[in-house]
Amino acid sequence: MMKTINMIFQIFIIFIIATILIFWLIGFKSAFEADQYCHYDLTTKNNVSAKFGCDHDLETHQWVLFENQDDSTPAKIIKRYRYRFL
């Protein structure tokens with residue numbers, strides 16, 4: 001019984017560590033780099049207008065490329081650019 005619990009705990013810890021490593025490795029290295037990619041994608045859109053924009057979200061540490069809607073509905077998120085913050 002104790003071996004089973006220990007094995008489940010080890011698998012859980014390995015899963016947590018792997019998730020943190022993957023999350024850390026796939027983000028941009030800095031907020032500046034994420035900002036540059038967001039604005040580059042913004043300029044490459046076929047319909048460049050005031051309808052599209054980039055915004056910085058401090059809580060989630062990412063830049064967001066979005067499209068404003070014509071009515072009072074929330075903006076449509078096109079792409080997220082997450083960056084490492086530590």
# chains A, B, ... in the order shown; residues from 1 in each chain; ligands from 1
call {"tool": "residues_around", "arguments": {"residues": "Phe66 (chain A)", "least_positions_apart": "5", "cutoff": "6 Å", "atoms": "only C-alpha atoms", "output": "list in words"}}
result
Phe52, Gly53, Lys76, Ile77 and Ile78 of chain A
call {"tool": "residues_around", "arguments": {"residues": "Leu65 (chain A)", "least_positions_apart": "3", "cutoff": "10 Å", "atoms": "only C-alpha atoms", "output": "PyMOL selection string"}}
result
chain A and resi 35+37-39+41-42+52-56+62+75-81
call {"tool": "closest_residue", "arguments": {"among": "A:Phe15, A:Phe23, A:Phe9, A:Tyr40", "to": "Tyr83 (chain A)", "atoms": "only C-alpha atoms"}}
result
A:Phe23
call {"tool": "select_by_dssp", "arguments": {"residues": "chain A", "states": "strand (DSSP E)", "output": "PDB file with C-alpha atoms, in the first residue's frame"}}
result
ATOM      1  CA  PHE A  52      -6.913  45.497 -34.483  1.00  0.00           C
ATOM      2  CA  GLY A  53      -4.594  46.235 -31.589  1.00  0.00           C
ATOM      3  CA  CYS A  54      -1.960  44.952 -29.150  1.00  0.00           C
ATOM      4  CA  ASP A  55      -2.329  45.264 -25.407  1.00  0.00           C
ATOM      5  CA  HIS A  56      -0.166  44.286 -22.441  1.00  0.00           C
ATOM      6  CA  ASP A  57      -1.736  42.215 -19.678  1.00  0.00           C
ATOM      7  CA  GLN A  62       1.495  38.401 -21.913  1.00  0.00           C
ATOM      8  CA  TRP A  63       0.820  40.637 -24.866  1.00  0.00           C
ATOM      9  CA  VAL A  64      -2.506  40.114 -26.615  1.00  0.00           C
ATOM     10  CA  LEU A  65      -3.348  40.722 -30.279  1.00  0.00           C
ATOM     11  CA  PHE A  66      -7.058  41.473 -30.461  1.00  0.00           C
ATOM     12  CA  GLU A  67      -9.805  42.586 -32.833  1.00  0.00           C
ATOM     13  CA  LYS A  76     -11.920  38.876 -30.021  1.00  0.00           C
ATOM     14  CA  ILE A  77      -8.501  37.560 -28.953  1.00  0.00           C
ATOM     15  CA  ILE A  78      -6.495  36.563 -32.023  1.00  0.00           C
ATOM     16  CA  LYS A  79      -3.185  35.533 -30.453  1.00  0.00           C
ATOM     17  CA  ARG A  80      -1.419  35.600 -27.075  1.00  0.00           C
ATOM     18  CA  TYR A  81       2.315  36.251 -26.609  1.00  0.00           C
ATOM     19  CA  ARG A  82       3.304  34.952 -23.176  1.00  0.00           C
TER      20      ARG A  82
END
call {"tool": "select_by_dssp", "arguments": {"residues": "chain A", "states": "alpha helix (DSSP H)", "output": "number ranges by chain"}}
result
A: 2-25, 31-44
call {"tool": "write_last_selection", "arguments": {"atoms": "C-alpha atoms", "output": "PDB file, in the first residue's frame"}}
result
ATOM      1  CA  MET A   2       2.775   2.421   0.937  1.00  0.00           C
ATOM      2  CA  LYS A   3       4.687   1.676  -2.280  1.00  0.00           C
ATOM      3  CA  THR A   4       1.623   2.515  -4.357  1.00  0.00           C
ATOM      4  CA  ILE A   5       1.077   5.822  -2.578  1.00  0.00           C
ATOM      5  CA  ASN A   6       4.771   6.676  -2.927  1.00  0.00           C
ATOM      6  CA  MET A   7       4.699   5.859  -6.669  1.00  0.00           C
ATOM      7  CA  ILE A   8       1.595   8.006  -7.229  1.00  0.00           C
ATOM      8  CA  PHE A   9       3.210  10.880  -5.338  1.00  0.00           C
ATOM      9  CA  GLN A  10       6.407  10.593  -7.443  1.00  0.00           C
ATOM     10  CA  ILE A  11       4.416  10.569 -10.696  1.00  0.00           C
ATOM     11  CA  PHE A  12       2.492  13.623  -9.509  1.00  0.00           C
ATOM     12  CA  ILE A  13       5.726  15.498  -8.652  1.00  0.00           C
ATOM     13  CA  ILE A  14       7.290  14.578 -12.027  1.00  0.00           C
ATOM     14  CA  PHE A  15       4.155  15.815 -13.804  1.00  0.00           C
ATOM     15  CA  ILE A  16       4.260  19.136 -11.927  1.00  0.00           C
ATOM     16  CA  ILE A  17       7.965  19.653 -12.668  1.00  0.00           C
ATOM     17  CA  ALA A  18       7.513  18.775 -16.359  1.00  0.00           C
ATOM     18  CA  THR A  19       4.575  21.186 -16.654  1.00  0.00           C
ATOM     19  CA  ILE A  20       6.561  24.026 -15.087  1.00  0.00           C
ATOM     20  CA  LEU A  21       9.554  23.366 -17.354  1.00  0.00           C
ATOM     21  CA  ILE A  22       7.436  23.273 -20.503  1.00  0.00           C
ATOM     22  CA  PHE A  23       5.600  26.446 -19.462  1.00  0.00           C
ATOM     23  CA  TRP A  24       8.950  28.169 -18.799  1.00  0.00           C
ATOM     24  CA  LEU A  25      10.642  27.049 -22.019  1.00  0.00           C
ATOM     25  CA  ALA A  31       8.156  41.455 -22.468  1.00  0.00           C
ATOM     26  CA  PHE A  32       9.969  43.497 -25.117  1.00  0.00           C
ATOM     27  CA  GLU A  33      10.332  40.451 -27.378  1.00  0.00           C
ATOM     28  CA  ALA A  34       6.644  39.537 -26.937  1.00  0.00           C
ATOM     29  CA  ASP A  35       5.697  43.158 -27.691  1.00  0.00           C
ATOM     30  CA  GLN A  36       7.764  43.141 -30.886  1.00  0.00           C
ATOM     31  CA  TYR A  37       6.132  39.930 -32.141  1.00  0.00           C
ATOM     32  CA  CYS A  38       2.645  41.252 -31.346  1.00  0.00           C
ATOM     33  CA  HIS A  39       3.216  44.495 -33.219  1.00  0.00           C
ATOM     34  CA  TYR A  40       4.869  42.661 -36.124  1.00  0.00           C
ATOM     35  CA  ASP A  41       1.827  40.391 -36.468  1.00  0.00           C
ATOM     36  CA  LEU A  42      -0.367  43.475 -36.189  1.00  0.00           C
ATOM     37  CA  THR A  43       1.349  45.086 -39.191  1.00  0.00           C
ATOM     38  CA  THR A  44       1.153  41.898 -41.255  1.00  0.00           C
TER      39      THR A  44
END
call {"tool": "atom_distance", "arguments": {"atom1": "CA of Glu59 (chain A)", "atom2": "CA of Thr73 (chain A)"}}
result
22.2 Å
